[in-house]
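upload.cif follows (mmCIF, C-alpha atoms):
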data_coords
#
loop_
_atom_site.label_atom_id
_atom_site.label_comp_id
_atom_site.auth_asym_id
_atom_site.auth_seq_id
_atom_site.Cartn_x
_atom_site.Cartn_y
_atom_site.Cartn_z
CA MET G 1 154.37 164.47 193.56
CA ASP G 2 153.11 168.04 193.73
CA ILE G 3 155.10 170.65 191.84
CA ASN G 4 155.50 174.34 192.47
CA LYS G 5 157.61 177.17 191.13
CA ALA G 6 160.21 176.82 193.88
CA LYS G 7 160.82 173.14 193.07
CA LEU G 8 161.02 173.86 189.35
CA SER G 9 163.40 176.76 189.83
CA ALA G 10 165.79 174.40 191.62
CA SER G 11 165.76 172.02 188.63
CA ARG G 12 168.92 172.51 186.55
CA VAL G 13 168.79 170.96 183.09
CA LEU G 14 171.82 170.59 180.83
CA VAL G 15 170.70 170.57 177.19
CA VAL G 16 173.23 169.26 174.67
CA GLY G 17 172.67 169.06 170.93
CA ASP G 18 172.17 170.66 167.56
CA VAL G 19 170.94 174.24 167.57
CA MET G 20 169.55 176.33 164.76
CA LEU G 21 168.24 179.78 164.07
CA ASP G 22 164.61 179.76 162.99
CA ARG G 23 163.81 182.65 160.66
CA TYR G 24 160.27 183.54 159.63
CA TRP G 25 159.39 185.86 156.75
CA TYR G 26 155.74 186.86 156.78
CA GLY G 27 154.00 188.52 153.88
CA ALA G 28 150.97 189.07 151.72
CA VAL G 29 150.18 186.77 148.80
CA ASP G 30 148.20 188.64 146.15
CA ARG G 31 149.33 187.14 142.88
CA ILE G 32 151.09 184.31 141.05
CA SER G 33 154.55 184.92 139.58
CA PRO G 34 154.63 185.46 135.80
CA GLU G 35 157.98 183.60 135.79
CA ALA G 36 156.69 180.31 137.26
CA PRO G 37 153.45 178.94 138.77
CA VAL G 38 154.39 179.98 142.31
CA PRO G 39 152.90 182.58 144.67
CA VAL G 40 154.64 185.93 145.07
CA VAL G 41 155.11 186.81 148.75
CA ARG G 42 155.51 190.50 149.54
CA VAL G 43 157.46 190.28 152.80
CA THR G 44 156.13 192.67 155.44
CA ARG G 45 157.63 191.27 158.65
CA GLU G 46 160.61 189.20 159.77
CA GLU G 47 161.05 187.24 162.99
CA GLU G 48 163.85 185.15 164.49
CA ARG G 49 163.54 182.46 167.14
CA CYS G 50 165.79 179.83 168.67
CA GLY G 51 165.36 176.38 167.13
CA GLY G 52 166.52 172.82 167.67
CA ALA G 53 168.25 172.22 171.00
CA ALA G 54 168.04 175.97 171.67
CA ASN G 55 164.24 175.72 171.56
CA VAL G 56 164.40 172.74 173.93
CA ALA G 57 166.42 174.80 176.42
CA PHE G 58 164.01 177.71 175.94
CA ASN G 59 161.09 175.42 176.80
CA ALA G 60 162.78 174.24 179.99
CA ALA G 61 163.51 177.84 180.98
CA SER G 62 159.97 178.97 180.15
CA LEU G 63 158.62 176.47 182.66
CA GLY G 64 160.86 177.99 185.32
CA ALA G 65 163.76 175.54 185.36
CA GLN G 66 167.40 176.62 185.05
CA ALA G 67 168.75 175.64 181.64
CA SER G 68 172.27 175.42 180.26
CA LEU G 69 172.90 174.91 176.56
CA LEU G 70 176.00 173.17 175.19
CA THR G 71 176.42 173.12 171.43
CA VAL G 72 178.69 173.69 168.42
CA VAL G 73 178.02 176.57 166.02
CA GLY G 74 179.81 178.50 163.32
CA ASP G 75 181.57 181.81 163.85
CA ASP G 76 179.04 183.60 161.68
CA GLU G 77 176.27 186.19 161.86
CA ALA G 78 173.59 183.55 162.52
CA SER G 79 175.46 182.04 165.49
CA HIS G 80 176.02 185.38 167.22
CA LYS G 81 172.39 186.37 166.66
CA LEU G 82 171.23 183.03 168.02
CA GLU G 83 173.43 183.32 171.09
CA ARG G 84 172.00 186.78 171.81
CA ILE G 85 168.43 185.50 171.47
CA VAL G 86 169.15 182.53 173.75
CA ALA G 87 171.00 184.60 176.35
CA ARG G 88 168.03 186.99 176.65
CA THR G 89 165.93 184.09 177.98
CA GLY G 90 168.28 183.52 180.92
CA ILE G 91 169.75 180.30 179.51
CA ARG G 92 173.46 179.80 180.20
CA THR G 93 175.16 179.38 176.83
CA HIS G 94 178.26 177.27 176.14
CA PHE G 95 178.85 177.64 172.41
CA GLY G 96 181.80 175.88 170.81
CA ARG G 97 182.74 177.69 167.59
CA ASP G 98 184.02 176.24 164.33
CA ALA G 99 185.00 178.87 161.75
CA ASP G 100 184.37 176.38 158.94
CA LEU G 101 180.88 175.52 160.17
CA GLN G 102 177.77 177.21 158.83
CA THR G 103 175.31 177.61 161.69
CA THR G 104 172.07 175.87 160.77
CA VAL G 105 169.38 178.32 159.69
CA LYS G 106 165.83 177.32 158.80
CA LEU G 107 164.06 180.04 156.86
CA ARG G 108 160.30 179.66 156.62
CA VAL G 109 158.28 181.87 154.27
CA ILE G 110 154.74 182.38 155.52
CA GLY G 111 151.83 183.69 153.47
CA ARG G 112 148.22 183.83 154.65
CA GLN G 113 149.25 182.04 157.87
CA GLN G 114 150.53 179.07 155.88
CA GLN G 115 154.11 177.92 155.42
CA LEU G 116 154.85 178.13 151.69
CA ILE G 117 158.46 176.95 151.69
CA ARG G 118 161.34 176.21 154.07
CA LEU G 119 164.97 176.85 153.13
CA ASP G 120 167.73 175.12 155.15
CA PHE G 121 171.35 176.33 155.38
CA GLU G 122 173.80 173.95 157.10
CA ASN G 123 176.94 171.81 157.05
CA THR G 124 178.79 169.57 159.56
CA PRO G 125 181.16 170.43 162.46
CA LYS G 126 184.78 169.28 162.75
CA THR G 127 185.76 166.55 165.16
CA GLU G 128 188.16 168.84 167.06
CA VAL G 129 185.34 171.15 168.16
CA LEU G 130 183.21 168.17 169.16
CA ALA G 131 186.03 166.87 171.36
CA THR G 132 186.16 170.22 173.16
CA GLN G 133 182.42 169.97 173.70
CA THR G 134 182.89 166.64 175.49
CA GLU G 135 185.41 168.20 177.89
CA THR G 136 183.03 171.09 178.64
CA PHE G 137 180.23 168.57 179.22
CA ALA G 138 182.31 166.83 181.92
CA GLN G 139 182.84 170.18 183.66
CA LEU G 140 179.15 171.14 183.56
CA LEU G 141 177.71 167.74 184.51
CA PRO G 142 178.07 167.87 188.33
CA SER G 143 176.03 171.08 188.67
CA HIS G 144 172.90 169.78 186.86
CA GLU G 145 170.05 167.50 187.95
CA ALA G 146 169.10 166.21 184.49
CA VAL G 147 170.79 165.89 181.09
CA LEU G 148 168.88 166.20 177.83
CA PHE G 149 170.32 165.34 174.42
CA SER G 150 168.50 166.93 171.48
CA ASP G 151 169.66 165.14 168.34
CA TYR G 152 168.84 166.63 164.94
CA CYS G 153 171.50 164.63 163.05
CA LYS G 154 173.51 167.79 162.32
CA GLY G 155 176.77 166.35 163.68
CA GLY G 156 176.82 168.00 167.09
CA LEU G 157 176.37 164.75 169.02
CA ALA G 158 179.16 162.63 167.55
CA HIS G 159 180.34 161.78 171.09
CA VAL G 160 176.91 161.18 172.63
CA SER G 161 177.69 157.61 173.78
CA ASP G 162 180.60 158.81 175.91
CA MET G 163 178.52 161.64 177.37
CA ILE G 164 175.65 159.28 178.25
CA ALA G 165 178.08 156.97 180.05
CA ARG G 166 179.56 159.86 182.01
CA ALA G 167 176.12 161.16 183.00
CA ARG G 168 174.81 157.78 184.13
CA ALA G 169 178.02 157.11 186.07
CA ALA G 170 177.34 160.40 187.86
CA GLY G 171 173.79 159.27 188.68
CA LYS G 172 172.09 161.79 186.39
CA PRO G 173 168.87 161.00 184.49
CA VAL G 174 169.47 161.16 180.73
CA LEU G 175 166.64 162.04 178.33
CA ILE G 176 167.09 161.81 174.56
CA ASP G 177 165.11 163.11 171.61
CA PRO G 178 166.50 160.64 169.04
CA LYS G 179 167.02 160.78 165.30
CA GLY G 180 168.19 158.35 162.61
CA ALA G 181 167.91 154.60 162.23
CA ASP G 182 170.73 153.62 164.64
CA TYR G 183 169.74 153.98 168.29
CA SER G 184 172.69 151.93 169.59
CA ARG G 185 174.56 155.14 170.40
CA TYR G 186 171.84 155.99 172.93
CA ARG G 187 172.51 152.81 174.92
CA GLY G 188 172.11 153.24 178.68
CA ALA G 189 169.97 156.39 178.61
CA SER G 190 167.08 156.83 181.03
CA VAL G 191 164.46 157.48 178.34
CA ILE G 192 164.22 158.16 174.61
CA THR G 193 161.22 159.98 173.12
CA PRO G 194 160.68 158.98 169.47
CA ASN G 195 157.51 159.76 167.55
CA ARG G 196 155.74 157.04 165.55
CA ALA G 197 157.67 157.58 162.32
CA GLU G 198 161.02 157.67 164.16
CA LEU G 199 160.30 154.48 166.10
CA GLN G 200 159.11 152.66 162.96
CA GLN G 201 162.38 153.56 161.26
CA VAL G 202 164.21 151.61 163.97
CA VAL G 203 161.93 148.69 164.91
CA GLY G 204 159.79 148.36 161.78
CA HIS G 205 156.03 148.68 161.37
CA TRP G 206 153.53 147.19 163.80
CA ASN G 207 149.99 146.01 163.11
CA SER G 208 148.60 145.99 166.63
CA GLU G 209 149.13 147.39 170.11
CA THR G 210 150.41 143.96 171.16
CA GLU G 211 153.07 144.04 168.45
CA LEU G 212 154.01 147.62 169.32
CA ARG G 213 154.32 146.68 172.98
CA ALA G 214 156.64 143.78 172.17
CA LYS G 215 158.84 145.89 169.87
CA ALA G 216 159.10 148.79 172.35
CA HIS G 217 160.05 146.55 175.27
CA GLN G 218 162.55 144.65 173.12
CA LEU G 219 164.19 147.94 172.12
CA ARG G 220 164.26 149.01 175.77
CA ALA G 221 165.95 145.76 176.75
CA ASP G 222 168.43 145.78 173.85
CA LEU G 223 169.58 149.32 174.61
CA GLN G 224 169.39 148.99 178.42
CA LEU G 225 166.99 151.93 178.68
CA ASP G 226 164.80 152.65 181.68
CA ALA G 227 161.95 153.62 179.37
CA VAL G 228 160.76 154.45 175.85
CA LEU G 229 158.26 157.30 175.56
CA LEU G 230 156.39 157.09 172.27
CA THR G 231 154.71 160.33 171.21
CA ARG G 232 151.66 159.55 169.09
CA SER G 233 150.22 162.92 167.96
CA GLU G 234 146.41 162.77 168.19
CA GLU G 235 146.66 159.47 170.09
CA GLY G 236 148.60 160.99 172.99
CA MET G 237 151.71 159.19 174.26
CA THR G 238 152.72 155.86 175.77
CA LEU G 239 155.53 155.16 178.23
CA PHE G 240 157.03 151.67 178.09
CA ASP G 241 159.04 150.86 181.24
CA ALA G 242 159.84 148.01 183.63
CA ASP G 243 156.33 148.24 185.12
CA GLY G 244 154.62 147.83 181.74
CA GLU G 245 152.91 150.68 179.90
CA LEU G 246 151.39 154.01 180.83
CA HIS G 247 149.19 155.62 178.17
CA VAL G 248 147.85 159.16 178.28
CA SER G 249 145.36 160.38 175.70
CA ALA G 250 145.84 163.60 173.74
CA GLN G 251 143.76 166.54 174.92
CA ALA G 252 141.41 167.70 172.19
CA ARG G 253 142.30 171.17 170.95
CA GLU G 254 142.62 172.98 167.66
CA VAL G 255 146.02 172.33 166.09
CA PHE G 256 147.72 175.30 164.45
CA ASP G 257 151.33 174.11 164.16
CA VAL G 258 153.16 170.99 165.33
CA THR G 259 156.60 172.64 164.90
CA GLY G 260 158.64 172.10 168.07
CA ALA G 261 155.97 170.09 169.92
CA GLY G 262 158.50 167.30 170.54
CA ASP G 263 160.89 169.89 171.97
CA THR G 264 158.23 170.97 174.46
CA VAL G 265 157.45 167.39 175.51
CA ILE G 266 161.02 166.37 176.29
CA ALA G 267 161.93 169.73 177.88
CA THR G 268 158.94 169.40 180.22
CA MET G 269 159.97 165.85 181.08
CA ALA G 270 163.55 166.92 181.84
CA ALA G 271 162.52 169.93 183.94
CA LEU G 272 160.11 167.84 186.03
CA VAL G 273 162.46 164.88 186.43
CA GLY G 274 165.17 167.35 187.48
CA ALA G 275 162.73 168.66 190.09
CA GLY G 276 162.31 165.16 191.54
CA MET G 277 159.39 163.63 189.62
CA THR G 278 159.51 160.08 188.30
CA LEU G 279 159.10 159.52 184.57
CA ARG G 280 155.59 158.20 185.14
CA GLU G 281 154.63 161.28 187.15
CA ALA G 282 156.04 163.61 184.50
CA VAL G 283 154.37 162.03 181.44
CA PRO G 284 150.83 163.48 181.90
CA HIS G 285 152.26 166.99 182.34
CA ALA G 286 154.48 166.60 179.25
CA ASN G 287 151.47 165.40 177.27
CA ARG G 288 149.48 168.45 178.34
CA ALA G 289 152.40 170.79 177.50
CA GLY G 290 152.64 169.31 174.00
CA GLY G 291 148.91 169.83 173.55
CA ILE G 292 149.17 173.47 174.54
CA VAL G 293 152.11 174.31 172.27
CA VAL G 294 150.53 172.94 169.08
CA GLY G 295 147.94 175.69 169.48
CA LYS G 296 150.70 178.26 168.93
CA PHE G 297 152.39 179.18 165.65
CA GLY G 298 156.00 178.18 165.00
CA THR G 299 158.54 177.11 167.60
CA ALA G 300 157.00 178.13 170.91
CA ALA G 301 157.05 177.32 174.62
CA VAL G 302 154.70 176.79 177.58
CA SER G 303 154.81 178.72 180.84
CA PHE G 304 154.35 177.34 184.37
CA GLU G 305 150.99 179.14 184.61
CA GLU G 306 149.72 177.63 181.34
CA LEU G 307 150.71 174.11 182.34
CA PHE G 308 149.64 174.07 185.97
CA ALA G 309 146.75 176.56 185.97
#
Now, as a test, write the supplied structure out as structure tokens.
Amino acid sequence: MDINKAKLSASRVLVVGDVMLDRYWYGAVDRISPEAPVPVVRVTREEERCGGAANVAFNAASLGAQASLLTVVGDDEASHKLERIVARTGIRTHFGRDADLQTTVKLRVIGRQQQLIRLDFENTPKTEVLATQTETFAQLLPSHEAVLFSDYCKGGLAHVSDMIARARAAGKPVLIDPKGADYSRYRGASVITPNRAELQQVVGHWNSETELRAKAHQLRADLQLDAVLLTRSEEGMTLFDADGELHVSAQAREVFDVTGAGDTVIATMAALVGAGMTLREAVPHANRAGGIVVGKFGTAAVSFEELFA
């Protein structure tokens, strides 16, 4: 299937999951601290970007799709800043607020173009706010072509099984970026997109492609999934579906930063599937998008022109 901007702009993707504010402090490193054997970073510049599910929605919007973002955040400075950043990209925001929740913030300190340390600030949302999120999901579902769950194990997807069932009952494709060792809650989804480490955590190690193939298809059958898309870094990615396997090799390019590459892959898949592509048709484009974004620093996105030039 050929794709153009008009088809992509008609693709409406509902992104549900854990969001975070990505903060970057850049500075010069000229000396070691006299207090401890650590570098002293003289901060010269600060930057804030949307992270987690917000970065997934940003990637879908950057390609030209329409993106909506449903999530739970705190009622704090970080959440309001994040909502402003997201809204500027044209994404429709649906933020449930929990006054007792600390919005997840990941602070990365960068010196000499290298990440020196990352500081995480977070806690877990209340069940009451999550229940409200499920109601909002039901209201938003009919007006979207694809649903994407971005799970970072921060507590925002406690009701994901119910939402998957609703989406599939409505005939919507469901794409999931999974986390954790229990994938049973993703039962019935269209496709899950684990990386190697994430899949090994669930199915165990494999010693050959034959063993990997057997484990992936068994997982697909056990969870009643249409497909499993395994992202394999420098080895590209492999789609396991009812027709067998489709493997696409990674495109050789200099890697600067793998942060958010998985976000780009699944957002590209969702945007293209929402525009009418099959999973098999979308995989090569998602692979290329992931290859492009690792050449950028930090959480980043790919434009339509970059991907289809």
* Asked: Rounded to one decimal in Å, what is the spacing between CA of Glu128 in chain G and CA of Asp76 in chain G?
  ->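 So the answer is 18.2 Å.
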* Asked: Evaluating the PyMOL selection byres ((chain G and resi 251) around 10) on the displayed file yields which residues, as a list in words?
  ->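 When the PyMOL selection byres ((chain G and resi 251) around 10) is applied, the selected residues are Glu234, Glu235, Gly236, Val248, Ser249, Ala250, Ala252, Arg253, Glu254, Asn287, Arg288, Ala289, Gly290, Gly291 and Ile292 of chain G.
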Just write the chosen residues, C-alpha atoms, as an mmCIF file, keeping the file's coordinate frame.
data_model
loop_
_atom_site.group_PDB
_atom_site.id
_atom_site.type_symbol
_atom_site.label_atom_id
_atom_site.label_comp_id
_atom_site.auth_asym_id
_atom_site.auth_seq_id
_atom_site.Cartn_x
_atom_site.Cartn_y
_atom_site.Cartn_z
ATOM 1 C CA GLU G 234 146.410 162.770 168.190
ATOM 2 C CA GLU G 235 146.660 159.470 170.090
ATOM 3 C CA GLY G 236 148.600 160.990 172.990
ATOM 4 C CA VAL G 248 147.850 159.160 178.280
ATOM 5 C CA SER G 249 145.360 160.380 175.700
ATOM 6 C CA ALA G 250 145.840 163.600 173.740
ATOM 7 C CA ALA G 252 141.410 167.700 172.190
ATOM 8 C CA ARG G 253 142.300 171.170 170.950
ATOM 9 C CA GLU G 254 142.620 172.980 167.660
ATOM 10 C CA ASN G 287 151.470 165.400 177.270
ATOM 11 C CA ARG G 288 149.480 168.450 178.340
ATOM 12 C CA ALA G 289 152.400 170.790 177.500
ATOM 13 C CA GLY G 290 152.640 169.310 174.000
ATOM 14 C CA GLY G 291 148.910 169.830 173.550
ATOM 15 C CA ILE G 292 149.170 173.470 174.540
#
* Asked: Using the chain letters and numbers from the file, which residues does the PyMOL selection byres ((chain G and resi 109-111) around 6) grab, as a VMD selection string?
  -> chain G and resid 24 to 29 108 112 to 117
Residue selection dump (C-alpha atoms) as a PDB file, in the coordinates of the input:
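The resulting file, result-v2.pdb, is shown below:
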ATOM      1  CA  TYR G  24     160.270 183.540 159.630  1.00  0.00           C
ATOM      2  CA  TRP G  25     159.390 185.860 156.750  1.00  0.00           C
ATOM      3  CA  TYR G  26     155.740 186.860 156.780  1.00  0.00           C
ATOM      4  CA  GLY G  27     154.000 188.520 153.880  1.00  0.00           C
ATOM      5  CA  ALA G  28     150.970 189.070 151.720  1.00  0.00           C
ATOM      6  CA  VAL G  29     150.180 186.770 148.800  1.00  0.00           C
ATOM      7  CA  ARG G 108     160.300 179.660 156.620  1.00  0.00           C
ATOM      8  CA  ARG G 112     148.220 183.830 154.650  1.00  0.00           C
ATOM      9  CA  GLN G 113     149.250 182.040 157.870  1.00  0.00           C
ATOM     10  CA  GLN G 114     150.530 179.070 155.880  1.00  0.00           C
ATOM     11  CA  GLN G 115     154.110 177.920 155.420  1.00  0.00           C
ATOM     12  CA  LEU G 116     154.850 178.130 151.690  1.00  0.00           C
ATOM     13  CA  ILE G 117     158.460 176.950 151.690  1.00  0.00           C
TER      14      ILE G 117
END
* Matched chain/residue IDs from the PyMOL selection byres ((chain G and resi 74) around 12), as an NGL selection string -> :G and (18-21 or 71-73 or 75-83 or 95-105 or 121-126 or 129 or 156)
* Quick one: of G:Arg88, G:Arg232, G:His159, G:Lys296, who's nearest to Thr134 in chain G, counting only C-alpha atoms? ->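 Checking each of G:Arg88, G:Arg232, G:His159, G:Lys296 against Thr134 in chain G, counting only C-alpha atoms, the winner is G:His159.
Between Thr193 in chain G and the residues G:Ser62, G:Ser208, G:Thr89, G:Thr231, the shortest atom-to-atom distance, using all atoms listed in the file, involves G:Thr231.
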* **Option closest in space to Leu140 in chain G, from G:Ala301, G:Leu69, G:Ala181, G:Gln200 [counting only C-alpha atoms]** =>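 That would be G:Leu69, the residue with the smallest distance to Leu140 in chain G.
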* Compile the contact shell of range 170-177 of chain G as an MDAnalysis selection string: residues with an atom at most 9 Å away, counting all atoms listed in the file, same-chain residues fewer than 4 positions apart removed. => chainID G and resid 141:142 144:152 164:166 186 188:194 262:263 266 269:270 273:274
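CA of Ser303 in chain G is found 17.8 Å from CA of Ala87 in chain G.
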* To do: Rank nothing, just name the residue among G:His247, G:Pro34, G:Pro39, G:Ser9 nearest to Glu209 in chain G, using only C-alpha atoms.
  =>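 Closest candidate: G:His247.
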